[in-house]
file structure-v2.pdb (PDB, C-alpha atoms)
MODEL        1
ATOM      1  CA  MET F   1       5.747  -1.397  11.542
ATOM      2  CA  SER F   2       4.380   1.996  10.527
ATOM      3  CA  ILE F   3       1.219   2.227   8.471
ATOM      4  CA  GLN F   4       3.208   3.384   5.437
ATOM      5  CA  ASP F   5       5.470   0.305   5.760
ATOM      6  CA  GLN F   6       2.407  -1.902   6.096
ATOM      7  CA  ILE F   7       0.937  -0.422   2.936
ATOM      8  CA  LYS F   8       4.190  -0.864   1.076
ATOM      9  CA  SER F   9       4.393  -4.508   2.058
ATOM     10  CA  GLU F  10       0.782  -5.051   0.930
ATOM     11  CA  ILE F  11       1.452  -3.382  -2.409
ATOM     12  CA  THR F  12       4.481  -5.543  -3.089
ATOM     13  CA  SER F  13       2.884  -8.758  -1.803
ATOM     14  CA  GLN F  14       1.374  -9.542  -5.208
ATOM     15  CA  ASP F  15       1.724  -8.368  -8.825
ATOM     16  CA  ILE F  16      -1.640  -6.607  -8.848
ATOM     17  CA  VAL F  17      -3.135  -5.065  -5.743
ATOM     18  CA  LEU F  18      -6.363  -3.061  -5.623
ATOM     19  CA  PHE F  19      -7.210  -0.858  -2.657
ATOM     20  CA  MET F  20     -10.974  -0.624  -2.728
ATOM     21  CA  LYS F  21     -14.168  -0.182  -0.754
ATOM     22  CA  GLY F  22     -15.630  -3.611  -0.136
ATOM     23  CA  THR F  23     -14.253  -6.815  -1.605
ATOM     24  CA  PRO F  24     -13.958  -8.060  -5.212
ATOM     25  CA  GLN F  25     -17.000 -10.274  -4.467
ATOM     26  CA  PHE F  26     -18.973  -7.446  -2.836
ATOM     27  CA  PRO F  27     -17.785  -3.987  -3.876
ATOM     28  CA  MET F  28     -19.297  -1.296  -1.656
ATOM     29  CA  CYS F  29     -18.760   1.565  -4.084
ATOM     30  CA  GLY F  30     -19.498   1.969  -7.780
ATOM     31  CA  PHE F  31     -16.003   3.209  -8.613
ATOM     32  CA  SER F  32     -14.307   0.263  -6.894
ATOM     33  CA  GLY F  33     -16.820  -2.031  -8.597
ATOM     34  CA  GLN F  34     -15.851  -0.720 -12.031
ATOM     35  CA  VAL F  35     -12.175  -1.540 -11.511
ATOM     36  CA  VAL F  36     -13.105  -5.015 -10.236
ATOM     37  CA  GLN F  37     -15.155  -5.584 -13.397
ATOM     38  CA  ILE F  38     -12.267  -4.529 -15.605
ATOM     39  CA  LEU F  39      -9.727  -6.724 -13.818
ATOM     40  CA  ASP F  40     -12.124  -9.665 -13.886
ATOM     41  CA  TYR F  41     -12.784  -9.103 -17.572
ATOM     42  CA  VAL F  42      -9.087  -8.900 -18.376
ATOM     43  CA  GLY F  43      -8.702 -12.086 -16.371
ATOM     44  CA  VAL F  44      -5.693 -11.309 -14.198
ATOM     45  CA  PRO F  45      -5.230 -12.442 -10.607
ATOM     46  CA  TYR F  46      -5.242  -9.619  -8.073
ATOM     47  CA  LYS F  47      -5.537  -8.979  -4.397
ATOM     48  CA  GLY F  48      -8.336  -6.707  -3.205
ATOM     49  CA  ILE F  49      -7.768  -4.824   0.021
ATOM     50  CA  ASN F  50     -10.887  -3.469   1.679
ATOM     51  CA  VAL F  51     -10.036  -0.055   3.102
ATOM     52  CA  LEU F  52     -13.334   0.008   4.987
ATOM     53  CA  ASP F  53     -11.858  -2.657   7.271
ATOM     54  CA  ASN F  54      -9.004  -0.450   8.388
ATOM     55  CA  GLN F  55      -9.268   3.307   8.912
ATOM     56  CA  ASP F  56      -5.457   3.711   9.110
ATOM     57  CA  ILE F  57      -4.990   2.094   5.718
ATOM     58  CA  ARG F  58      -7.924   4.050   4.302
ATOM     59  CA  GLU F  59      -6.246   7.364   5.180
ATOM     60  CA  GLY F  60      -2.660   6.135   4.827
ATOM     61  CA  ILE F  61      -3.088   4.975   1.250
ATOM     62  CA  LYS F  62      -4.092   8.502   0.238
ATOM     63  CA  ASP F  63      -0.785   9.849   1.522
ATOM     64  CA  TYR F  64       1.174   6.928   0.146
ATOM     65  CA  ALA F  65       0.194   7.626  -3.453
ATOM     66  CA  ASN F  66      -0.492  11.339  -3.034
ATOM     67  CA  TRP F  67      -3.937  10.447  -4.343
ATOM     68  CA  PRO F  68      -7.059  11.528  -2.436
ATOM     69  CA  THR F  69      -9.524   8.888  -3.570
ATOM     70  CA  ILE F  70     -10.242   5.160  -3.538
ATOM     71  CA  PRO F  71      -9.943   2.848  -5.524
ATOM     72  CA  GLN F  72      -6.226   2.748  -6.242
ATOM     73  CA  LEU F  73      -4.621   0.156  -8.479
ATOM     74  CA  TYR F  74      -1.012  -0.964  -8.104
ATOM     75  CA  ILE F  75       0.830  -3.135 -10.604
ATOM     76  CA  LYS F  76       4.230  -4.511  -9.643
ATOM     77  CA  GLY F  77       4.411  -2.035  -6.797
ATOM     78  CA  GLU F  78       3.696   0.987  -9.006
ATOM     79  CA  PHE F  79       0.630   3.173  -8.631
ATOM     80  CA  VAL F  80      -1.260   3.029 -11.938
ATOM     81  CA  GLY F  81      -4.337   5.111 -11.225
ATOM     82  CA  GLY F  82      -7.865   5.324  -9.916
ATOM     83  CA  CYS F  83     -11.124   4.330 -11.555
ATOM     84  CA  ASP F  84     -11.106   6.893 -14.390
ATOM     85  CA  ILE F  85      -7.514   6.193 -15.432
ATOM     86  CA  VAL F  86      -7.901   2.420 -15.289
ATOM     87  CA  ARG F  87     -11.053   2.657 -17.403
ATOM     88  CA  GLU F  88      -9.394   4.934 -19.972
ATOM     89  CA  MET F  89      -6.405   2.592 -20.156
ATOM     90  CA  PHE F  90      -8.688  -0.413 -20.542
ATOM     91  CA  GLN F  91     -10.740   1.191 -23.290
ATOM     92  CA  SER F  92      -7.689   2.317 -25.260
ATOM     93  CA  GLY F  93      -5.942  -1.048 -24.917
ATOM     94  CA  GLU F  94      -3.113   0.488 -22.888
ATOM     95  CA  LEU F  95      -3.931  -1.633 -19.868
ATOM     96  CA  HIS F  96      -3.295  -4.807 -21.842
ATOM     97  CA  THR F  97      -0.051  -3.419 -23.234
ATOM     98  CA  TYR F  98       1.058  -2.337 -19.781
ATOM     99  CA  LEU F  99       0.284  -5.713 -18.209
ATOM    100  CA  SER F 100       2.098  -7.539 -21.000
ATOM    101  CA  GLU F 101       5.109  -5.279 -20.628
ATOM    102  CA  GLN F 102       5.148  -6.138 -16.942
ATOM    103  CA  GLY F 103       5.156  -9.825 -17.805
ATOM    104  CA  ILE F 104       1.627 -10.433 -16.519
ATOM    105  CA  GLU F 105      -0.427 -12.829 -18.587
ATOM    106  CA  VAL F 106      -3.926 -11.687 -19.539
ATOM    107  CA  LYS F 107      -6.725 -14.121 -20.400
ATOM    108  CA  THR F 108      -8.870 -11.892 -22.552
ATOM    109  CA  PRO F 109      -7.237 -10.217 -25.550
ATOM    110  CA  ALA F 110      -7.571  -6.472 -25.926
ATOM    111  CA  LYS F 111     -10.602  -5.330 -27.855
ATOM    112  CA  PRO F 112      -9.738  -4.711 -31.528
TER     113      PRO F 112
ATOM    114  CA  MET C 113     -21.864  29.851  -4.061
ATOM    115  CA  THR C 114     -22.428  26.211  -4.898
ATOM    116  CA  VAL C 115     -19.642  23.653  -4.726
ATOM    117  CA  LYS C 116     -19.984  23.263  -8.483
ATOM    118  CA  ASN C 117     -19.234  26.969  -8.955
ATOM    119  CA  THR C 118     -16.246  26.764  -6.632
ATOM    120  CA  ILE C 119     -14.855  23.837  -8.601
ATOM    121  CA  GLN C 120     -15.394  25.708 -11.867
ATOM    122  CA  GLU C 121     -13.677  28.842 -10.587
ATOM    123  CA  LYS C 122     -10.693  27.020  -9.138
ATOM    124  CA  LEU C 123     -10.092  24.931 -12.244
ATOM    125  CA  THR C 124     -10.494  27.947 -14.506
ATOM    126  CA  ALA C 125      -8.003  29.948 -12.442
ATOM    127  CA  ALA C 126      -5.481  27.095 -12.296
ATOM    128  CA  PHE C 127      -5.531  25.789 -15.868
ATOM    129  CA  ALA C 128      -7.277  28.341 -18.126
ATOM    130  CA  PRO C 129      -9.056  25.425 -19.792
ATOM    131  CA  ALA C 130     -10.173  25.511 -23.435
ATOM    132  CA  PHE C 131     -13.129  23.398 -22.354
ATOM    133  CA  LEU C 132     -14.583  22.827 -18.910
ATOM    134  CA  GLU C 133     -17.756  21.171 -17.763
ATOM    135  CA  VAL C 134     -18.509  20.411 -14.128
ATOM    136  CA  ILE C 135     -21.462  18.124 -13.575
ATOM    137  CA  ASP C 136     -23.066  17.524 -10.197
ATOM    138  CA  GLU C 137     -23.916  13.822 -10.291
ATOM    139  CA  SER C 138     -24.893  13.614  -6.641
ATOM    140  CA  ASP C 139     -28.467  12.612  -7.441
ATOM    141  CA  GLN C 140     -27.201   9.471  -9.176
ATOM    142  CA  HIS C 141     -25.551   8.466  -5.911
ATOM    143  CA  ARG C 142     -28.511   9.141  -3.634
ATOM    144  CA  GLY C 143     -28.225   6.889  -0.596
ATOM    145  CA  HIS C 144     -24.743   5.616  -1.526
ATOM    146  CA  GLY C 145     -21.669   6.029   0.643
ATOM    147  CA  GLY C 146     -20.612   9.627   1.066
ATOM    148  CA  TRP C 147     -23.886  11.033  -0.166
ATOM    149  CA  GLN C 148     -25.639  13.530   2.077
ATOM    150  CA  GLU C 149     -28.924  15.370   2.054
ATOM    151  CA  GLY C 150     -28.649  18.356  -0.280
ATOM    152  CA  GLY C 151     -26.196  16.602  -2.554
ATOM    153  CA  GLN C 152     -23.070  18.412  -3.814
ATOM    154  CA  THR C 153     -21.031  15.309  -2.991
ATOM    155  CA  HIS C 154     -20.372  13.596  -6.327
ATOM    156  CA  PHE C 155     -18.965  15.487  -9.301
ATOM    157  CA  ARG C 156     -17.693  14.810 -12.789
ATOM    158  CA  VAL C 157     -15.191  17.154 -14.384
ATOM    159  CA  LYS C 158     -14.578  17.266 -18.121
ATOM    160  CA  ILE C 159     -11.615  19.464 -18.844
ATOM    161  CA  THR C 160      -9.350  20.208 -21.777
ATOM    162  CA  ALA C 161      -6.328  22.423 -21.227
ATOM    163  CA  ALA C 162      -3.004  23.190 -22.841
ATOM    164  CA  ALA C 163      -1.478  23.032 -19.359
ATOM    165  CA  PHE C 164      -1.805  19.233 -19.439
ATOM    166  CA  ALA C 165       0.293  18.708 -22.572
ATOM    167  CA  GLY C 166       3.042  16.158 -22.200
ATOM    168  CA  GLN C 167       1.930  15.008 -18.755
ATOM    169  CA  SER C 168       0.900  11.511 -17.759
ATOM    170  CA  ARG C 169      -2.676  10.748 -16.761
ATOM    171  CA  VAL C 170      -1.635  10.308 -13.141
ATOM    172  CA  ALA C 171       0.186  13.666 -13.184
ATOM    173  CA  ILE C 172      -2.834  15.463 -14.665
ATOM    174  CA  HIS C 173      -5.231  13.948 -12.137
ATOM    175  CA  ARG C 174      -2.856  14.894  -9.316
ATOM    176  CA  LEU C 175      -2.800  18.518 -10.515
ATOM    177  CA  ILE C 176      -6.586  18.618 -10.542
ATOM    178  CA  ASN C 177      -6.899  16.860  -7.192
ATOM    179  CA  GLN C 178      -4.407  19.278  -5.634
ATOM    180  CA  THR C 179      -6.310  22.251  -6.997
ATOM    181  CA  LEU C 180      -9.462  20.893  -5.371
ATOM    182  CA  ALA C 181      -7.795  19.537  -2.221
ATOM    183  CA  ALA C 182      -9.954  21.619   0.112
ATOM    184  CA  GLU C 183     -13.156  20.420  -1.555
ATOM    185  CA  LEU C 184     -12.022  16.768  -1.496
ATOM    186  CA  LYS C 185     -11.183  17.070   2.190
ATOM    187  CA  GLY C 186     -14.558  18.696   2.771
ATOM    188  CA  GLY C 187     -17.895  17.582   1.452
ATOM    189  CA  VAL C 188     -16.860  16.283  -1.966
ATOM    190  CA  HIS C 189     -16.861  12.521  -1.765
ATOM    191  CA  ALA C 190     -16.172  11.593  -5.375
ATOM    192  CA  LEU C 191     -14.608  13.373  -8.316
ATOM    193  CA  ALA C 192     -14.632  11.670 -11.692
ATOM    194  CA  ILE C 193     -12.124  13.242 -14.066
ATOM    195  CA  GLU C 194     -12.056  13.216 -17.859
ATOM    196  CA  ALA C 195      -9.021  15.280 -18.757
ATOM    197  CA  LYS C 196      -7.414  15.980 -22.111
ATOM    198  CA  ALA C 197      -4.563  18.137 -23.277
ATOM    199  CA  THR C 198      -5.353  20.501 -26.126
TER     200      THR C 198
ENDMDL
END
call {"tool": "encode", "arguments": {"input": "structure-v2.pdb", "output": "structure tokens"}}
result
Amino acid sequence: MSIQDQIKSEITSQDIVLFMKGTPQFPMCGFSGQVVQILDYVGVPYKGINVLDNQDIREGIKDYANWPTIPQLYIKGEFVGGCDIVREMFQSGELHTYLSEQGIEVKTPAKP
Amino acid sequence: MTVKNTIQEKLTAAFAPAFLEVIDESDQHRGHGGWQEGGQTHFRVKITAAAFAGQSRVAIHRLINQTLAAELKGGVHALAIEAKAT
């Protein structure tokens, strides 16, 4: 299986997949940590993939999404954005709307 | 020329922004991953441009990232983007 196929199968293995540096328990980068905090706050299940564990995935994911930086968030197989976009979407309430539209239940309601 | 100046020039040439601020935040990341002595590794870009109108956030970030591809492949480790269409 090529690295791009491997990435694709990871991305589609769960509704929400986060490619990050470190793990959700121990983020190794502030930007990855911010996305973890948002997802934890929203209260959705997600799979964190530590790109520091695998150099091929670390480089391959940049090509996959045509996106040069980590973290990268995927929802239902679609690339949603990096740290800045996820934070903007969270703050504007769009992230909640998007998750609901995708049929993903969120625990915490959007901020009024 | 500093990396900050290069980023400013490239973004100005590409998007003719109505507003542009490039902030070198490297000092805030001292000792973190990707940081190196001398800094110039972590940047924040605040940009407003008519060129972004009607485009999704992902599309806008891709345009900016492509414009700065050489810098991102080189010493720039992190680029925070706050982009708005005019």
call {"tool": "closest_residue", "arguments": {"input": "structure-v2.pdb", "among": "C:Leu184, C:Ile159, C:Ala171, C:Ile176", "to": "C:Phe131", "atoms": "all atoms listed in the file"}}
result
C:Ile159
call {"tool": "interface_residues", "arguments": {"input": "structure-v2.pdb", "of": "chain F", "to": "chain C", "cutoff": "7 Å", "atoms": "all atoms listed in the file", "output": "PyMOL selection string"}}
result
chain F and resi 67+81+84-85
call {"tool": "resolve_selection", "arguments": {"input": "structure-v2.pdb", "expression": "the PyMOL selection byres ((chain F and resi 71) around 8)", "output": "ChimeraX atom specification"}}
result
/F:18-21,31-32,35,69-70,72-73,82-83
call {"tool": "atom_distance", "arguments": {"input": "structure-v2.pdb", "atom1": "atom CA of C:Gly151", "atom2": "atom CA of C:Leu180"}}
result
17.5 Å
call {"tool": "residues_around", "arguments": {"input": "structure-v2.pdb", "residues": "C:Thr114", "least_positions_apart": "3", "cutoff": "8 Å", "atoms": "all atoms listed in the file", "output": "list of chain:residue names"}}
result
C:Asn117, C:Thr118, C:Gln152
call {"tool": "closest_residue", "arguments": {"input": "structure-v2.pdb", "among": "C:Met113, C:Ala182, C:Ala197, C:Val134", "to": "C:Ser168", "atoms": "all atoms listed in the file"}}
result
C:Ala197
call {"tool": "resolve_selection", "arguments": {"input": "structure-v2.pdb", "expression": "the PyMOL selection byres ((chain F and resi 93) around 12)", "output": "JSON, numbers by chain"}}
result
{"F": [38, 42, 86, 87, 88, 89, 90, 91, 92, 94, 95, 96, 97, 98, 99, 100, 108, 109, 110, 111, 112]}
call {"tool": "resolve_selection", "arguments": {"input": "structure-v2.pdb", "expression": "the PyMOL selection byres ((chain F and resi 52) around 10)", "output": "JSON, numbers by chain"}}
result
{"F": [19, 20, 21, 22, 23, 28, 49, 50, 51, 53, 54, 55, 56, 57, 58]}
call {"tool": "residues_near_point", "arguments": {"input": "structure-v2.pdb", "point": "(3.4, 4.4, 0.5)", "cutoff": "6 Å", "atoms": "only C-alpha atoms", "output": "PyMOL selection string"}}
result
chain F and resi 4+7-8+64
call {"tool": "atom_distance", "arguments": {"input": "structure-v2.pdb", "atom1": "atom CA of F:Ile3", "atom2": "atom CA of F:Val80"}}
result
20.6 Å
call {"tool": "atom_distance", "arguments": {"input": "structure-v2.pdb", "atom1": "atom CA of C:Asp136", "atom2": "atom CA of C:Phe155"}}
result
4.7 Å
call {"tool": "closest_residue", "arguments": {"input": "structure-v2.pdb", "among": "C:Leu175, C:Phe164, C:Gln120, C:His154", "to": "C:Val188", "atoms": "all atoms listed in the file"}}
result
C:His154
call {"tool": "closest_residue", "arguments": {"input": "structure-v2.pdb", "among": "C:Ala165, C:Ser138, C:Val115, C:Lys122", "to": "C:Thr153", "atoms": "all atoms listed in the file"}}
result
C:Ser138
call {"tool": "axis_aligned_box", "arguments": {"input": "structure-v2.pdb", "around": "stretch 117-132 of chain C", "padding_each_side": "8 Å", "output": "JSON"}}
result
{"center_x": -12.4, "center_y": 26.4, "center_z": -15.0, "size_x": 29.8, "size_y": 23.1, "size_z": 32.8}
call {"tool": "residues_near_point", "arguments": {"input": "structure-v2.pdb", "point": "(-19.7, 19.5, -15.8)", "cutoff": "7 Å", "atoms": "only C-alpha atoms", "output": "VMD selection string"}}
result
chain C and resid 132 to 136 156 to 158
call {"tool": "closest_residue", "arguments": {"input": "structure-v2.pdb", "among": "F:Asp40, F:Asp15, F:Glu105, F:Glu59", "to": "F:Tyr74", "atoms": "only C-alpha atoms"}}
result
F:Asp15
call {"tool": "residues_around", "arguments": {"input": "structure-v2.pdb", "residues": "C:Gly166", "least_positions_apart": "6", "cutoff": "12 Å", "atoms": "only C-alpha atoms", "output": "list in words"}}
result
Ile172, Lys196, Ala197 and Thr198 of chain C
